[in-house]
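Here's the structure we're looking at; comments come further down.
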Amino acid sequence: MELGRYLRVARHRLWMIIACPILAALSAGIVSFALPPVYEAHAALLVLPSNLGTSDPNVIPLTPDQILRTYALLLTQRKLLDEVIADLRLKTRPDDLAKRIKATPQPNTTILDIAVDDTNPALARNIANDLVDKLIGELKDIQTSHLQVPNSRLSDVLVPVSPAVVPDRPVSPTKALNISIAFGAGLLLAVGLAYLLERLDQSIKTNEDLTERLGLLPVGHIGYVLAGKGNRGELITLDAHSHASEAYRALRTSLLFSAIDRELKEIVVTSAEVGEGKSRTAANLAIVLAQAGHWTLLIDADFRRPAQHRMFARIRNVGLSNLILQDAAESEAIATVESVPNLCVLTSGPTPPNPSELLGSGRMRELMARLRTSFSYVIVDTPPVNAVTDASILSASANGTILVVEHGQTSFPALERAKQMLDRVGAHTIGVVMNKVRASSGSYAYDYGYYAASPDGHARPGRRPSSKSEAPTSSSGT
Ligand SMILES: Nc1ncnc2c1ncn2[C@@H]1O[C@H](COP(=O)(O)OP(=O)(O)O)[C@@H](O)[C@H]1O
Ligand SMILES: [Mg+2]
């Protein structure tokens with residue numbers, strides 16, 4: 001993944017990368033503030049070992065470190081702890097108290113640092129001082145009861161050089177540190193998770209996904225726009241001034257550019273799966289072509305899930321199936337659309353039992369040949385390529401097919417399969433319309449209203465195309 005892709009992933013999952021560390025820091029903060037503060041009192045004990053400087057052969061030479069560690073260990077012995085607990089009337093068990101005592105020999109000295117933790121600073125001080133007193137008392141007891149034993153170790157001297165004082169600041173919880181660590185850990189986790197999810201995510205989100213991985217050309221980006229109210233809500237280009245209309249006009253321009261050197265009359269609109277937006281794209285593309293003055297016919301060739309009659313608020317009692325079977329006149333089945341001059345719609349008609357057979361028949365080919373000569377553009381709405389063969393059959397004889405991809409939803413394997421099916425029948429795939437692009441997805445710098453594709457096939461932000469500046473079409477409106 002190159003830098004641009006890393007940044008895109010970060011933008012795409014920005015909410016996660018922001019929310020995770022904040023949540024982690026917040027939790028750490030709450031826990032840190034809820035925990036009682038712990039204070040640590042320190043006392044220093046100077047140990048004067050009796051054998052220092054002596055050459056008595058009876059004395060086992062111990063290093064100062066060994067001597068200090070011995071006294072450190074004595075400090076947490078049960079007998080001493082019991083005495084301290086009784087003395088200070090502590091409500092704690094000796095084992096628990098032992099865990100709160102740290103006796104550390106100071107390097108290169110014979111000083112023992114005794115630290116005691118407690119939530120009560122005065123009590124921490126009292127325990128530390130009492131421990132020192134009890135240790136000195138204990139040593140004296142040993143010395144008097146073992147006077148007759150010739151062991152100079154018993155004449156060590158312990159001097160409390162620095163008694164403990166009441167600590168003024170708690171040592172834990174270290175709120176700032178805990179919060180920073182939690183924030184850092186949350187951030188690392190979020191970034192790791194974002195890239196992991198990205199690796200597992202097979203959905204198509206960027207132009208590079210199309211061009212580099214599948215060799216498909218992006219020809220348009222349609223933003224996510226909820227259908228309007230009323231029975232023509234899907235026809236969002238009826239409001240020619242909307243942002244969405246602008247995106248369909250940019251798609252129209254791209255298609256006209258792509259056909260600059262060849263004839264493009266019949267455009268099959270299909271996609272890999274259901275619900276990606278074929279019908280809405282076909283309808284709105286037909287409207288913007290008609291709005292530009294091209295005599296356009298929209299055909300609903302999806303017998304499985306016909307949609308155009310619904311989108312244009314019609315009934316489909318007479319339509320494509322009747323024309324193929326030649327049991328209705330074209331003038332009866334093809335109807336103009338009021339409020340959109342230059343646009344005609346041919347609904348699916350009654351659903352036949354054998355749609356693929358009907359669409360692959362010689363009569364269908366003849367009908368399409370006739371319609372191509374009568375109209376400047378024929379837009380064909382179809383079922384999904386991966387589900388049934390209908391779209392492949394229609395694409396094989398059309399001179400242009402566009403694939404609709406649902407942004408962040410259509411998967412690579414699905415689109416790849418659709419592309420292979422179309423390639424196999426020799427379809428001329430013009431490119432891909434990325435549909436339902438959400439502005440928050442962070443995948444494009446899309447002000448989708450101002451997207452156009454360059455003739456070299458790379459979509460880039462362009463100026464709003466005016467109908468006058470569009471590429472010339474191969475035929476004029478009739
Ligand atoms: N650009 C879009 N923004 C939001 N919703 C969309 C968009 N395009 C299509 N839809 C919605 O997706 C659903 C499927 O659309 P449709 O055109 O019927 O898909 P298909 O013909 O591929 O099955 C419909 O509810 C439609 O309103
Ligand atoms: Mg449909």
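Here's how to read the names in the structure tokens: chain A, B, ... by the order shown, residue numbers from 1 in each chain, ligand numbers from 1 in the order shown.
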Kindly assemble as a Markdown table a list of the range 153-264 of chain A residues that lie within 12 Å of range 334-350 of chain A, each paired with its nearest atom pair and their distance in Å to one decimal, using only C-alpha atoms, sorted first by chain and then by ascending residue number.
| residue | atom | partner | partner_atom | distance |
| --- | --- | --- | --- | --- |
| A:Arg232 | CA | A:Ser339 | CA | 11.7 |
| A:Leu235 | CA | A:Val340 | CA | 10.9 |
| A:Thr237 | CA | A:Val340 | CA | 10.2 |
| A:Leu238 | CA | A:Val340 | CA | 7.8 |
| A:Asp239 | CA | A:Ser339 | CA | 10.8 |
| A:Ala240 | CA | A:Val340 | CA | 10.8 |
For C-alpha atoms, I'd like the residues from the last selection saved as a PDB file, in the first residue's frame.
ATOM      1  CA  ARG A 232     -41.526   9.720  -9.149  1.00  0.00           C
ATOM      2  CA  LEU A 235     -36.216  10.403 -10.853  1.00  0.00           C
ATOM      3  CA  THR A 237     -32.854  14.496 -12.308  1.00  0.00           C
ATOM      4  CA  LEU A 238     -36.338  15.916 -12.825  1.00  0.00           C
ATOM      5  CA  ASP A 239     -34.990  18.773 -10.721  1.00  0.00           C
ATOM      6  CA  ALA A 240     -32.312  19.839 -13.179  1.00  0.00           C
TER       7      ALA A 240
END
Practice prompt. Apply DSSP to the backbone of this structure and, from range 346-450 of chain A, keep only the residues in alpha helix (DSSP H); write these as a PyMOL selection string.
Written response: chain A and resi 355-359+362-374+390-397+412-424
Please produce an output containing C-alpha atoms for each residue in the selection, written as a CSV table (one decimal), in the first residue's frame.
chain,number,residue,atom,x,y,z
A,355,PRO,CA,-37.2,-14.0,-20.2
A,356,SER,CA,-33.7,-15.1,-21.4
A,357,GLU,CA,-35.2,-16.9,-24.5
A,358,LEU,CA,-37.3,-13.9,-25.3
A,359,LEU,CA,-34.3,-11.5,-25.0
A,362,GLY,CA,-34.3,-13.0,-33.4
A,363,ARG,CA,-37.4,-10.9,-33.0
A,364,MET,CA,-35.7,-9.1,-30.1
A,365,ARG,CA,-32.7,-8.3,-32.3
A,366,GLU,CA,-34.9,-7.0,-35.1
A,367,LEU,CA,-36.8,-4.9,-32.6
A,368,MET,CA,-33.6,-3.4,-31.2
A,369,ALA,CA,-32.3,-2.7,-34.7
A,370,ARG,CA,-35.5,-0.8,-35.5
A,371,LEU,CA,-35.5,1.1,-32.2
A,372,ARG,CA,-31.8,2.1,-32.7
A,373,THR,CA,-32.6,3.8,-36.0
A,374,SER,CA,-35.6,5.6,-34.5
A,390,ASP,CA,-30.3,-11.6,-19.6
A,391,ALA,CA,-27.9,-8.8,-19.3
A,392,SER,CA,-25.1,-10.7,-21.0
A,393,ILE,CA,-27.4,-11.4,-23.9
A,394,LEU,CA,-28.4,-7.8,-24.3
A,395,SER,CA,-24.8,-6.5,-23.9
A,396,ALA,CA,-23.5,-8.8,-26.6
A,397,SER,CA,-25.5,-7.0,-29.2
A,412,PHE,CA,-14.2,-7.3,-6.1
A,413,PRO,CA,-15.1,-11.0,-6.7
A,414,ALA,CA,-18.6,-10.0,-7.7
A,415,LEU,CA,-17.6,-7.3,-10.1
A,416,GLU,CA,-14.7,-9.3,-11.5
A,417,ARG,CA,-17.2,-12.1,-12.2
A,418,ALA,CA,-19.6,-9.7,-13.9
A,419,LYS,CA,-16.8,-8.3,-16.0
A,420,GLN,CA,-15.6,-11.8,-17.1
A,421,MET,CA,-19.2,-12.7,-18.1
A,422,LEU,CA,-19.5,-9.6,-20.2
A,423,ASP,CA,-16.0,-10.1,-21.7
A,424,ARG,CA,-17.0,-13.6,-22.6
Discussion item. Can you tell me which residues surround range 427-431 of chain A at a distance of at most 8 Å, considering only C-alpha atoms, apart from same-chain residues fewer than 6 positions away, and format the answer as a ChimeraX atom specification?
Written reply: /A:216-219,255,258,392,395-403
Worksheet item: Can you list, as a list in words, every protein, DNA or RNA residue that comes within 10 Å of Pro36 in chain A when you count only C-alpha atoms, leaving out same-chain residues fewer than 4 positions away?
Response: Val31, Ser32, Asp118, Thr119, Asn120, Pro170, Ser172 and Pro173 of chain A
Discussion item. Counting only C-alpha atoms and all ligand atoms, which residue out of A:His407, A:Lys91, A:Lys175, A:Lys99 sits closest to ligand 1?
Written reply: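 Closest residue, counting only C-alpha atoms and all ligand atoms: A:His407.
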If you take only C-alpha atoms and all ligand atoms and a cut-off of 10 Å, which residues of chain A touch ligand 2, and what are their nearest atom pairs and distances in Å to one decimal, in chain and number order, as a tab-separated table?
residue	atom	partner	partner_atom_place_in_ligand_line	distance
A:Val269	CA	ligand 2	1 (Mg)	9.5
A:Thr270	CA	ligand 2	1 (Mg)	8.5
A:Ser271	CA	ligand 2	1 (Mg)	9.4
A:Glu273	CA	ligand 2	1 (Mg)	9.8
A:Val274	CA	ligand 2	1 (Mg)	7.0
A:Gly275	CA	ligand 2	1 (Mg)	6.7
A:Glu276	CA	ligand 2	1 (Mg)	8.2
A:Gly277	CA	ligand 2	1 (Mg)	6.7
A:Lys278	CA	ligand 2	1 (Mg)	5.3
A:Ser279	CA	ligand 2	1 (Mg)	4.1
A:Arg280	CA	ligand 2	1 (Mg)	7.4
A:Thr281	CA	ligand 2	1 (Mg)	9.2
A:Ala282	CA	ligand 2	1 (Mg)	8.9
A:Asp300	CA	ligand 2	1 (Mg)	8.5
A:Ala301	CA	ligand 2	1 (Mg)	9.3
A:Asp302	CA	ligand 2	1 (Mg)	6.7
A:Phe303	CA	ligand 2	1 (Mg)	9.5
A:Arg304	CA	ligand 2	1 (Mg)	8.7
A:Arg305	CA	ligand 2	1 (Mg)	6.1
A:Pro306	CA	ligand 2	1 (Mg)	6.3
A:Ala307	CA	ligand 2	1 (Mg)	5.5
A:Gln308	CA	ligand 2	1 (Mg)	7.9
A:Asp381	CA	ligand 2	1 (Mg)	6.8
A:Thr382	CA	ligand 2	1 (Mg)	6.6
A:Pro383	CA	ligand 2	1 (Mg)	6.2
A:Pro384	CA	ligand 2	1 (Mg)	8.1
Worksheet entry | Spatial neighbours of Arg100 in chain A, max dist 9 Å, only C-alpha atoms, sep filter under 5 positions, as a list in words |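 Surrounding residues, per the criterion: Ala115, Val116, Asp117 and Asp118 of chain A.
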Item to complete: Extract the full set of strand (DSSP E) residues from range 162-406 of chain A according to DSSP on the backbone, and format it as number ranges by chain.
Response: A: 162, 218-223, 266-271, 296-300, 334-337, 340-346, 377-381, 400-406
Item to complete: Would you mind reading off the distance between CA of Phe183 in chain A and CA of Arg169 in chain A, one decimal, in Å?
Response: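 About the pair CA of Phe183 in chain A and CA of Arg169 in chain A: they are 24.5 Å apart.
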Fill in: Long-range neighbours of Thr104 in chain A as a ChimeraX atom specification, 8 Å cut-off, only C-alpha atoms, 4 positions minimum in chain
/A:69,72,112-114
Selection above as a file: C-alpha atoms, as a PDB file, in the first residue's frame:
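To be explicit, this is the file written out as selection09.pdb:
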ATOM      1  CA  ARG A  69      19.225  -7.334  52.144  1.00  0.00           C
ATOM      2  CA  ALA A  72      15.304  -5.688  54.404  1.00  0.00           C
ATOM      3  CA  LEU A 112      18.219   1.018  53.650  1.00  0.00           C
ATOM      4  CA  ASP A 113      15.285   2.945  52.193  1.00  0.00           C
ATOM      5  CA  ILE A 114      11.984   1.821  53.703  1.00  0.00           C
TER       6      ILE A 114
END
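For Asn108 in chain A, the residues within 12 Å (counting only C-alpha atoms, excluding itself and residues fewer than 3 positions away along the chain) are Thr63, Pro64, Asp65, Leu68, Pro105, Ile111 and Leu112 of chain A.
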Would you save the residues from that selection as a JSON list (two decimals), in the first residue's frame, using C-alpha atoms?
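Saved file result13.json follows:
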[["chain", "number", "residue", "atom", "x", "y", "z"],
["A", 63, "THR", "CA", 29.23, -7.66, 51.62],
["A", 64, "PRO", "CA", 27.31, -4.53, 52.69],
["A", 65, "ASP", "CA", 24.69, -5.45, 50.11],
["A", 68, "LEU", "CA", 21.31, -4.69, 53.92],
["A", 105, "PRO", "CA", 19.31, -0.94, 49.78],
["A", 111, "ILE", "CA", 21.51, 2.86, 53.90],
["A", 112, "LEU", "CA", 18.22, 1.02, 53.65]]
